[in-house]
Amino acid sequence: MSSGRHVYAHLDIDAFYVSVELQRRPDLRSRPVVVAGDGPRAVVTTASYEARRFGIFSATPAERARRLCPDAVFIPPDFDAYRERSREVMAVLRRHVDRVEVVGLDEAYLDLTGLDRPRAAARRVKAAVIEETGLGCSIGIGPSKLVAKVASDADKPDGFVELTAEAARERFAGSPPGLVPGIGPKTAERLERQGIATLGALASTSDELLTEWFGPRLGPWLGRLGRFEDDRGIETVRVAKSESRETTFDSDVRGLPALEPRLRRLTEELCSTLVRQERRGRTIGIKVRYDDFSTVTRARSLAAPVNDLETVWQLAAELLRRLDPPRPVRLIGVRVAGLDEAVSAAAAEDQLTLSL
DNA sequence: TCTGGGGTCCTAGGACCC
DNA sequence: TCTGGGGTCCTAGGACCC
């Protein structure tokens, strides 16, 4: 679609959690710093650039990170602090740009369409973020969210890269398909099995062939990703559709009597949040991950949305009892979905019946 | 060295209705 | 006796993202 009509920027705070921690502990600057939980199954949430040189990245098991770099400083995550700092950053962005799409705590897209000098505007935003929050960031600019995102990734940290779609195609023609967001490890592997190992190769594969391999929707979409074609707009308002709580046990748990109290506590947490925020959902679900990492989910939908502990717990417990996990369990979780959607047709009919 | 927590979207099959 | 097709809702699993 009409390329050249839009200008987007993608902004990404550099090593966000670590950067927040370093502001509280400036003495740790220039040292390898890792934010990670301390349980036996914890993983790294963020590693400083010094720690990344040791091969420590997000999702590296914390145990392994300790072995890779015994001298690294390990800090437990403080999500309340990160959420607070994130709000500050997003407030700065909104002060400079009308249309901002927040993506997680440390990322946002900015709509720079229509500005006289979008590049200069992005420069001002970058300077303001550092000035007002002390946090460094990387910015990418492009004709689509896809190009902007890849551009912001291209020169981290402290990056500032502007690319046209054509420039992106040329610059990343030899890069693996997994470079673009949307192509994960599974799809990359399937592409590789078809002999597609680069974005250039993907871009020059016909939609017919991609459709044959990946189906009528995924196939052509992968082709568009390979050619850096993307016409998604900015969504300035996002309403959550589900909320969940889950926990991985330090060691596997077996049997309903041991599992039920754990699920109950998670349900209490979830419901107290939903009640406080006056949000309700129609679909109650549980999630169980077994010791072999296989994962099952079970869910039931109600006619009307709920958030009270007794109703949610009764359903969650019923789903768990009926599943009666036959293997040791490493993770359990509870979820409420269909948050604040319109009341279902069935519920509306019940209401009607009652009122007649 | 086994792999967190919180989300979103897509697909596929079955139920059910017209 | 055999034979429809479309639309929507629901559940379960999978892939992906930060």
# chains A, B, ... in the order shown; residues from 1 in each chain; ligands from 1
>>> residues_around(residues="A:Val275", least_positions_apart="2", cutoff="10 Å", atoms="only C-alpha atoms (C1' of nucleotides)", output="list in words")
Leu270, Cys271, Ser272, Thr273, Gln277, Glu278, Arg279, Arg280, Val306, Asn307, Asp308 and Leu309 of chain A
>>> write_last_selection(atoms="C-alpha atoms", output="PDB file, in the first residue's frame")
ATOM      1  CA  LEU A 270      -6.054 -12.335  40.039  1.00  0.00           C
ATOM      2  CA  CYS A 271      -9.545 -11.666  41.396  1.00  0.00           C
ATOM      3  CA  SER A 272      -8.409  -8.990  43.820  1.00  0.00           C
ATOM      4  CA  THR A 273      -6.812  -7.132  40.919  1.00  0.00           C
ATOM      5  CA  GLN A 277     -10.123  -2.379  38.648  1.00  0.00           C
ATOM      6  CA  GLU A 278     -13.786  -3.277  38.240  1.00  0.00           C
ATOM      7  CA  ARG A 279     -13.074  -5.547  35.310  1.00  0.00           C
ATOM      8  CA  ARG A 280     -14.882  -8.818  34.656  1.00  0.00           C
ATOM      9  CA  VAL A 306     -17.540 -12.264  36.541  1.00  0.00           C
ATOM     10  CA  ASN A 307     -14.643 -11.319  38.788  1.00  0.00           C
ATOM     11  CA  ASP A 308     -15.652 -12.533  42.242  1.00  0.00           C
ATOM     12  CA  LEU A 309     -13.325 -15.009  43.903  1.00  0.00           C
TER      13      LEU A 309
END
>>> interface_residues(of="chain A", to="chain B", cutoff="12 Å", atoms="only C-alpha atoms (C1' of nucleotides)", output="mmCIF file with N, CA and C atoms, in the first residue's frame")
data_model
loop_
_atom_site.group_PDB
_atom_site.id
_atom_site.type_symbol
_atom_site.label_atom_id
_atom_site.label_comp_id
_atom_site.auth_asym_id
_atom_site.auth_seq_id
_atom_site.Cartn_x
_atom_site.Cartn_y
_atom_site.Cartn_z
ATOM 1 N N ALA A 36 17.571 -10.795 37.272
ATOM 2 C CA ALA A 36 17.017 -12.152 37.203
ATOM 3 C C ALA A 36 16.480 -12.538 38.563
ATOM 4 N N GLY A 37 15.477 -13.403 38.586
ATOM 5 C CA GLY A 37 14.966 -13.930 39.842
ATOM 6 C C GLY A 37 16.014 -14.834 40.481
ATOM 7 N N ASP A 38 15.726 -15.299 41.702
ATOM 8 C CA ASP A 38 16.756 -16.094 42.377
ATOM 9 C C ASP A 38 16.367 -17.564 42.585
ATOM 10 N N GLY A 39 15.201 -17.952 42.077
ATOM 11 C CA GLY A 39 14.809 -19.351 42.205
ATOM 12 C C GLY A 39 15.651 -20.252 41.318
ATOM 13 N N PRO A 40 15.553 -21.564 41.545
ATOM 14 C CA PRO A 40 16.348 -22.511 40.747
ATOM 15 C C PRO A 40 15.951 -22.542 39.278
ATOM 16 N N ARG A 41 14.739 -22.067 38.978
ATOM 17 C CA ARG A 41 14.291 -22.094 37.591
ATOM 18 C C ARG A 41 14.139 -20.695 37.006
ATOM 19 N N ALA A 42 14.761 -19.716 37.656
ATOM 20 C CA ALA A 42 14.658 -18.343 37.179
ATOM 21 C C ALA A 42 15.402 -18.173 35.859
ATOM 22 N N VAL A 43 14.962 -17.200 35.063
ATOM 23 C CA VAL A 43 15.685 -16.847 33.852
ATOM 24 C C VAL A 43 16.025 -15.366 33.898
ATOM 25 N N VAL A 44 16.971 -14.967 33.068
ATOM 26 C CA VAL A 44 17.400 -13.576 32.984
ATOM 27 C C VAL A 44 16.323 -12.755 32.285
ATOM 28 N N THR A 45 15.931 -11.624 32.881
ATOM 29 C CA THR A 45 14.996 -10.753 32.182
ATOM 30 C C THR A 45 15.750 -9.721 31.347
ATOM 31 N N SER A 58 18.477 -12.096 27.501
ATOM 32 C CA SER A 58 17.149 -12.352 28.039
ATOM 33 C C SER A 58 16.808 -13.822 27.838
ATOM 34 N N ALA A 59 16.175 -14.430 28.866
ATOM 35 C CA ALA A 59 15.724 -15.825 28.820
ATOM 36 C C ALA A 59 16.846 -16.839 29.040
ATOM 37 N N THR A 60 18.074 -16.369 29.221
ATOM 38 C CA THR A 60 19.123 -17.307 29.648
ATOM 39 C C THR A 60 18.791 -17.778 31.070
ATOM 40 N N PRO A 61 18.825 -19.086 31.340
ATOM 41 C CA PRO A 61 18.599 -19.533 32.711
ATOM 42 C C PRO A 61 19.608 -18.883 33.666
ATOM 43 N N ALA A 62 19.105 -18.405 34.803
ATOM 44 C CA ALA A 62 19.954 -17.666 35.732
ATOM 45 C C ALA A 62 21.150 -18.508 36.197
ATOM 46 N N GLU A 63 20.901 -19.810 36.370
ATOM 47 C CA GLU A 63 21.986 -20.710 36.774
ATOM 48 C C GLU A 63 23.134 -20.685 35.778
ATOM 49 N N ARG A 64 22.757 -20.754 34.517
ATOM 50 C CA ARG A 64 23.757 -20.743 33.455
ATOM 51 C C ARG A 64 24.483 -19.400 33.406
ATOM 52 N N ALA A 65 23.712 -18.308 33.625
ATOM 53 C CA ALA A 65 24.321 -16.977 33.607
ATOM 54 C C ALA A 65 25.404 -16.864 34.692
ATOM 55 N N ARG A 66 25.114 -17.439 35.857
ATOM 56 C CA ARG A 66 26.097 -17.387 36.945
ATOM 57 C C ARG A 66 27.383 -18.109 36.568
ATOM 58 N N ARG A 67 27.222 -19.212 35.862
ATOM 59 C CA ARG A 67 28.418 -19.954 35.453
ATOM 60 C C ARG A 67 29.179 -19.212 34.359
ATOM 61 N N LEU A 68 28.411 -18.582 33.436
ATOM 62 C CA LEU A 68 29.058 -17.864 32.340
ATOM 63 C C LEU A 68 29.844 -16.659 32.845
ATOM 64 N N PRO A 77 14.329 -8.715 39.950
ATOM 65 C CA PRO A 77 13.495 -7.716 39.263
ATOM 66 C C PRO A 77 12.545 -7.000 40.212
ATOM 67 N N PHE A 79 9.369 -5.022 39.413
ATOM 68 C CA PHE A 79 8.482 -4.599 38.336
ATOM 69 C C PHE A 79 7.701 -3.339 38.670
ATOM 70 N N VAL A 103 4.067 -0.381 23.508
ATOM 71 C CA VAL A 103 4.211 -1.828 23.340
ATOM 72 C C VAL A 103 5.079 -2.345 24.480
ATOM 73 N N GLY A 104 4.444 -2.840 25.519
ATOM 74 C CA GLY A 104 5.224 -3.298 26.662
ATOM 75 C C GLY A 104 5.802 -2.116 27.427
ATOM 76 N N LEU A 105 6.696 -2.398 28.379
ATOM 77 C CA LEU A 105 7.190 -1.347 29.266
ATOM 78 C C LEU A 105 8.241 -0.469 28.607
ATOM 79 N N GLY A 182 7.839 -11.432 14.002
ATOM 80 C CA GLY A 182 6.771 -12.206 13.381
ATOM 81 C C GLY A 182 7.294 -13.546 12.877
ATOM 82 N N GLY A 215 0.298 -22.184 3.689
ATOM 83 C CA GLY A 215 -1.121 -21.876 3.733
ATOM 84 C C GLY A 215 -1.429 -20.500 3.183
ATOM 85 N N PRO A 216 -2.721 -20.226 2.966
ATOM 86 C CA PRO A 216 -3.155 -19.036 2.233
ATOM 87 C C PRO A 216 -2.983 -17.726 2.991
ATOM 88 N N ARG A 217 -2.832 -17.806 4.297
ATOM 89 C CA ARG A 217 -2.659 -16.563 5.057
ATOM 90 C C ARG A 217 -1.213 -16.370 5.501
ATOM 91 N N LEU A 218 -0.683 -17.379 6.200
ATOM 92 C CA LEU A 218 0.695 -17.282 6.693
ATOM 93 C C LEU A 218 1.669 -17.112 5.533
ATOM 94 N N ARG A 238 -5.101 0.604 23.696
ATOM 95 C CA ARG A 238 -5.190 -0.850 23.721
ATOM 96 C C ARG A 238 -5.936 -1.268 24.982
ATOM 97 N N VAL A 239 -6.949 -2.101 24.799
ATOM 98 C CA VAL A 239 -7.710 -2.577 25.950
ATOM 99 C C VAL A 239 -7.384 -4.058 26.155
ATOM 100 N N ALA A 240 -6.962 -4.405 27.360
ATOM 101 C CA ALA A 240 -6.590 -5.792 27.638
ATOM 102 C C ALA A 240 -7.790 -6.709 27.477
ATOM 103 N N LYS A 241 -7.570 -7.876 26.885
ATOM 104 C CA LYS A 241 -8.649 -8.826 26.665
ATOM 105 C C LYS A 241 -8.617 -9.970 27.660
ATOM 106 N N SER A 242 -7.500 -10.135 28.320
ATOM 107 C CA SER A 242 -7.411 -11.198 29.320
ATOM 108 C C SER A 242 -6.380 -10.805 30.366
ATOM 109 N N GLU A 243 -6.491 -11.459 31.526
ATOM 110 C CA GLU A 243 -5.477 -11.261 32.554
ATOM 111 C C GLU A 243 -5.256 -12.595 33.240
ATOM 112 N N SER A 244 -4.004 -12.859 33.614
ATOM 113 C CA SER A 244 -3.692 -14.176 34.166
ATOM 114 C C SER A 244 -2.615 -14.072 35.230
ATOM 115 N N ARG A 245 -2.555 -15.116 36.054
ATOM 116 C CA ARG A 245 -1.464 -15.276 37.016
ATOM 117 C C ARG A 245 -0.961 -16.701 36.900
ATOM 118 N N GLU A 246 0.332 -16.855 36.827
ATOM 119 C CA GLU A 246 0.875 -18.204 36.751
ATOM 120 C C GLU A 246 2.172 -18.262 37.513
ATOM 121 N N THR A 247 2.538 -19.471 37.934
ATOM 122 C CA THR A 247 3.790 -19.609 38.664
ATOM 123 C C THR A 247 4.450 -20.933 38.327
ATOM 124 N N THR A 248 5.769 -20.880 38.222
ATOM 125 C CA THR A 248 6.563 -22.095 38.038
ATOM 126 C C THR A 248 7.106 -22.503 39.400
ATOM 127 N N PHE A 249 6.882 -23.743 39.775
ATOM 128 C CA PHE A 249 7.342 -24.223 41.080
ATOM 129 C C PHE A 249 8.855 -24.425 41.076
ATOM 130 N N ASP A 250 9.458 -24.246 42.260
ATOM 131 C CA ASP A 250 10.905 -24.504 42.364
ATOM 132 C C ASP A 250 11.207 -25.969 42.076
ATOM 133 N N ARG A 289 1.521 -26.888 33.118
ATOM 134 C CA ARG A 289 2.705 -27.356 32.372
ATOM 135 C C ARG A 289 3.307 -28.526 33.138
ATOM 136 N N ASP A 291 6.098 -31.820 33.784
ATOM 137 C CA ASP A 291 7.553 -31.902 33.930
ATOM 138 C C ASP A 291 8.248 -32.041 32.575
ATOM 139 N N ASP A 292 7.540 -32.576 31.567
ATOM 140 C CA ASP A 292 8.163 -32.696 30.240
ATOM 141 C C ASP A 292 7.936 -31.449 29.397
ATOM 142 N N PHE A 293 7.425 -30.396 30.035
ATOM 143 C CA PHE A 293 7.206 -29.095 29.403
ATOM 144 C C PHE A 293 6.016 -29.069 28.467
ATOM 145 N N SER A 294 5.311 -30.175 28.326
ATOM 146 C CA SER A 294 4.066 -30.117 27.559
ATOM 147 C C SER A 294 3.057 -29.299 28.376
ATOM 148 N N ARG A 330 5.033 -28.567 36.686
ATOM 149 C CA ARG A 330 6.056 -27.551 36.976
ATOM 150 C C ARG A 330 5.467 -26.144 36.997
ATOM 151 N N LEU A 331 4.324 -25.967 36.317
ATOM 152 C CA LEU A 331 3.707 -24.632 36.289
ATOM 153 C C LEU A 331 2.208 -24.772 36.377
ATOM 154 N N ILE A 332 1.593 -23.833 37.118
ATOM 155 C CA ILE A 332 0.137 -23.788 37.122
ATOM 156 C C ILE A 332 -0.289 -22.336 36.988
ATOM 157 N N GLY A 333 -1.434 -22.130 36.329
ATOM 158 C CA GLY A 333 -1.872 -20.753 36.123
ATOM 159 C C GLY A 333 -3.378 -20.660 35.990
ATOM 160 N N VAL A 334 -3.890 -19.448 36.185
ATOM 161 C CA VAL A 334 -5.323 -19.193 36.060
ATOM 162 C C VAL A 334 -5.511 -17.927 35.237
ATOM 163 N N ARG A 335 -6.587 -17.893 34.472
ATOM 164 C CA ARG A 335 -6.778 -16.804 33.524
ATOM 165 C C ARG A 335 -8.243 -16.416 33.452
ATOM 166 N N ALA A 337 -10.576 -14.354 30.746
ATOM 167 C CA ALA A 337 -10.548 -13.753 29.404
ATOM 168 C C ALA A 337 -11.922 -13.228 29.034
#
>>> select_by_dssp(residues="stretch 74-238 of chain A", states="strand (DSSP E)", output="JSON list (two decimals) with C-alpha atoms, in the first residue's frame")
[["chain", "number", "residue", "atom", "x", "y", "z"],
["A", 74, "PHE", "CA", 22.64, -10.27, 40.01],
["A", 75, "ILE", "CA", 19.65, -8.09, 40.90],
["A", 100, "VAL", "CA", 1.87, 7.00, 20.50],
["A", 101, "GLU", "CA", 1.39, 3.23, 20.62],
["A", 102, "VAL", "CA", 2.86, 1.71, 23.77],
["A", 103, "VAL", "CA", 4.21, -1.83, 23.34],
["A", 107, "GLU", "CA", 8.89, 0.21, 23.61],
["A", 108, "ALA", "CA", 6.64, 2.50, 21.67],
["A", 109, "TYR", "CA", 5.75, 3.45, 18.13],
["A", 110, "LEU", "CA", 5.40, 7.12, 17.26],
["A", 111, "ASP", "CA", 3.34, 8.40, 14.34],
["A", 137, "CYS", "CA", 17.17, 4.67, 23.91],
["A", 138, "SER", "CA", 17.43, 3.57, 20.31],
["A", 139, "ILE", "CA", 15.19, 4.95, 17.60],
["A", 140, "GLY", "CA", 14.36, 3.65, 14.15],
["A", 141, "ILE", "CA", 12.44, 5.60, 11.51],
["A", 142, "GLY", "CA", 10.70, 4.19, 8.49],
["A", 160, "PHE", "CA", 19.32, 6.38, 15.46],
["A", 161, "VAL", "CA", 18.63, 4.78, 12.08],
["A", 162, "GLU", "CA", 16.30, 5.86, 9.30]]
>>> decode(residues="chain C", atoms="N, CA and C atoms (P, O5', C5', C4', C3', O3' and C1' of nucleotides)", output="mmCIF file, in the first residue's frame")
data_model
loop_
_atom_site.group_PDB
_atom_site.id
_atom_site.type_symbol
_atom_site.label_atom_id
_atom_site.label_comp_id
_atom_site.auth_asym_id
_atom_site.auth_seq_id
_atom_site.Cartn_x
_atom_site.Cartn_y
_atom_site.Cartn_z
ATOM 1 P P DT C 1 -34.621 -46.071 4.385
ATOM 2 O "O5'" DT C 1 -33.570 -45.233 3.518
ATOM 3 C "C5'" DT C 1 -33.476 -45.483 2.137
ATOM 4 C "C4'" DT C 1 -32.605 -44.417 1.550
ATOM 5 C "C3'" DT C 1 -31.477 -43.957 2.467
ATOM 6 O "O3'" DT C 1 -30.257 -43.994 1.760
ATOM 7 C "C1'" DT C 1 -32.680 -42.105 1.677
ATOM 8 P P DC C 2 -28.858 -43.759 2.551
ATOM 9 O "O5'" DC C 2 -28.234 -42.607 1.650
ATOM 10 C "C5'" DC C 2 -28.791 -42.356 0.359
ATOM 11 C "C4'" DC C 2 -28.671 -40.879 0.052
ATOM 12 C "C3'" DC C 2 -27.490 -40.181 0.735
ATOM 13 O "O3'" DC C 2 -26.723 -39.508 -0.244
ATOM 14 C "C1'" DC C 2 -29.471 -38.949 1.050
ATOM 15 P P DT C 3 -25.332 -38.864 0.171
ATOM 16 O "O5'" DT C 3 -25.541 -37.383 -0.367
ATOM 17 C "C5'" DT C 3 -26.725 -37.061 -1.119
ATOM 18 C "C4'" DT C 3 -27.071 -35.613 -0.810
ATOM 19 C "C3'" DT C 3 -25.910 -34.832 -0.180
ATOM 20 O "O3'" DT C 3 -25.664 -33.646 -0.905
ATOM 21 C "C1'" DT C 3 -27.878 -34.527 1.079
ATOM 22 P P DG C 4 -24.142 -33.070 -0.968
ATOM 23 O "O5'" DG C 4 -24.080 -31.841 0.019
ATOM 24 C "C5'" DG C 4 -25.211 -31.530 0.831
ATOM 25 C "C4'" DG C 4 -25.474 -30.053 0.675
ATOM 26 C "C3'" DG C 4 -24.607 -29.228 1.637
ATOM 27 O "O3'" DG C 4 -23.288 -29.053 1.127
ATOM 28 C "C1'" DG C 4 -26.858 -28.446 1.531
ATOM 29 P P DG C 5 -22.760 -28.200 -0.095
ATOM 30 O "O5'" DG C 5 -22.737 -26.703 0.418
ATOM 31 C "C5'" DG C 5 -23.577 -25.738 -0.203
ATOM 32 C "C4'" DG C 5 -23.715 -24.559 0.723
ATOM 33 C "C3'" DG C 5 -22.388 -24.170 1.393
ATOM 34 O "O3'" DG C 5 -22.175 -22.784 1.182
ATOM 35 C "C1'" DG C 5 -24.098 -24.413 3.016
ATOM 36 P P DG C 6 -20.895 -22.079 1.828
ATOM 37 O "O5'" DG C 6 -21.617 -21.121 2.859
ATOM 38 C "C5'" DG C 6 -22.810 -20.425 2.475
ATOM 39 C "C4'" DG C 6 -23.219 -19.522 3.618
ATOM 40 C "C3'" DG C 6 -22.039 -18.883 4.337
ATOM 41 O "O3'" DG C 6 -22.376 -17.551 4.688
ATOM 42 C "C1'" DG C 6 -23.247 -20.254 5.856
ATOM 43 P P DG C 7 -21.270 -16.605 5.313
ATOM 44 O "O5'" DG C 7 -21.667 -16.657 6.848
ATOM 45 C "C5'" DG C 7 -22.985 -16.287 7.241
ATOM 46 C "C4'" DG C 7 -23.074 -16.367 8.747
ATOM 47 C "C3'" DG C 7 -21.800 -15.898 9.445
ATOM 48 O "O3'" DG C 7 -22.143 -14.951 10.449
ATOM 49 C "C1'" DG C 7 -22.420 -18.075 10.187
ATOM 50 P P DT C 8 -20.996 -14.230 11.306
ATOM 51 O "O5'" DT C 8 -21.200 -14.908 12.733
ATOM 52 C "C5'" DT C 8 -22.520 -15.107 13.243
ATOM 53 C "C4'" DT C 8 -22.404 -15.890 14.531
ATOM 54 C "C3'" DT C 8 -21.173 -15.507 15.361
ATOM 55 O "O3'" DT C 8 -21.561 -15.305 16.700
ATOM 56 C "C1'" DT C 8 -21.221 -17.834 14.997
ATOM 57 P P DC C 9 -20.516 -14.677 17.758
ATOM 58 O "O5'" DC C 9 -20.467 -15.793 18.886
ATOM 59 C "C5'" DC C 9 -21.634 -16.569 19.179
ATOM 60 C "C4'" DC C 9 -21.205 -17.834 19.887
ATOM 61 C "C3'" DC C 9 -19.989 -17.628 20.801
ATOM 62 O "O3'" DC C 9 -20.265 -18.155 22.084
ATOM 63 C "C1'" DC C 9 -19.610 -19.427 19.307
ATOM 64 P P DC C 10 -19.199 -17.890 23.275
ATOM 65 O "O5'" DC C 10 -18.475 -19.297 23.380
ATOM 66 C "C5'" DC C 10 -19.246 -20.486 23.536
ATOM 67 C "C4'" DC C 10 -18.325 -21.660 23.385
ATOM 68 C "C3'" DC C 10 -17.016 -21.488 24.167
ATOM 69 O "O3'" DC C 10 -16.943 -22.453 25.204
ATOM 70 C "C1'" DC C 10 -16.627 -22.255 21.929
ATOM 71 P P DT C 11 -15.713 -22.385 26.218
ATOM 72 O "O5'" DT C 11 -14.703 -23.466 25.614
ATOM 73 C "C5'" DT C 11 -15.147 -24.788 25.381
ATOM 74 C "C4'" DT C 11 -14.023 -25.579 24.736
ATOM 75 C "C3'" DT C 11 -12.690 -25.479 25.480
ATOM 76 O "O3'" DT C 11 -12.221 -26.792 25.706
ATOM 77 C "C1'" DT C 11 -12.408 -24.933 23.174
ATOM 78 P P DA C 12 -10.927 -27.018 26.575
ATOM 79 O "O5'" DA C 12 -9.781 -27.136 25.493
ATOM 80 C "C5'" DA C 12 -9.799 -28.216 24.572
ATOM 81 C "C4'" DA C 12 -8.565 -28.135 23.712
ATOM 82 C "C3'" DA C 12 -7.283 -27.838 24.505
ATOM 83 O "O3'" DA C 12 -6.350 -28.869 24.235
ATOM 84 C "C1'" DA C 12 -7.537 -26.313 22.680
ATOM 85 P P DG C 13 -4.874 -28.810 24.831
ATOM 86 O "O5'" DG C 13 -4.048 -28.253 23.588
ATOM 87 C "C5'" DG C 13 -4.255 -28.841 22.310
ATOM 88 C "C4'" DG C 13 -3.482 -28.051 21.287
ATOM 89 C "C3'" DG C 13 -2.060 -27.698 21.729
ATOM 90 O "O3'" DG C 13 -1.175 -28.080 20.699
ATOM 91 C "C1'" DG C 13 -3.199 -25.761 20.984
ATOM 92 P P DG C 14 0.409 -28.021 20.930
ATOM 93 O "O5'" DG C 14 0.831 -26.846 19.951
ATOM 94 C "C5'" DG C 14 0.205 -26.744 18.679
ATOM 95 C "C4'" DG C 14 0.634 -25.448 18.031
ATOM 96 C "C3'" DG C 14 2.050 -25.013 18.389
ATOM 97 O "O3'" DG C 14 2.707 -24.617 17.211
ATOM 98 C "C1'" DG C 14 0.528 -23.271 18.853
ATOM 99 P P DA C 15 4.307 -24.537 17.177
ATOM 100 O "O5'" DA C 15 4.548 -23.021 16.789
ATOM 101 C "C5'" DA C 15 3.846 -22.457 15.694
ATOM 102 C "C4'" DA C 15 3.899 -20.957 15.834
ATOM 103 C "C3'" DA C 15 5.259 -20.443 16.316
ATOM 104 O "O3'" DA C 15 5.828 -19.617 15.298
ATOM 105 C "C1'" DA C 15 3.449 -19.445 17.538
ATOM 106 P P DC C 16 7.267 -18.959 15.464
ATOM 107 O "O5'" DC C 16 6.917 -17.590 16.171
ATOM 108 C "C5'" DC C 16 5.964 -16.718 15.575
ATOM 109 C "C4'" DC C 16 5.663 -15.596 16.541
ATOM 110 C "C3'" DC C 16 6.896 -15.011 17.195
ATOM 111 O "O3'" DC C 16 7.212 -13.757 16.568
ATOM 112 C "C1'" DC C 16 5.051 -15.238 18.725
ATOM 113 P P DC C 17 8.531 -12.974 17.009
ATOM 114 O "O5'" DC C 17 7.973 -11.998 18.131
ATOM 115 C "C5'" DC C 17 6.874 -11.152 17.829
ATOM 116 C "C4'" DC C 17 6.559 -10.318 19.059
ATOM 117 C "C3'" DC C 17 7.835 -9.894 19.775
ATOM 118 O "O3'" DC C 17 8.014 -8.501 19.797
ATOM 119 C "C1'" DC C 17 6.254 -10.876 21.295
ATOM 120 P P DC C 18 9.406 -7.936 20.385
ATOM 121 O "O5'" DC C 18 9.038 -7.533 21.861
ATOM 122 C "C5'" DC C 18 7.923 -6.666 22.104
ATOM 123 C "C4'" DC C 18 7.777 -6.516 23.605
ATOM 124 C "C3'" DC C 18 9.078 -6.113 24.299
ATOM 125 O "O3'" DC C 18 8.790 -5.100 25.245
ATOM 126 C "C1'" DC C 18 8.250 -8.125 25.252
#
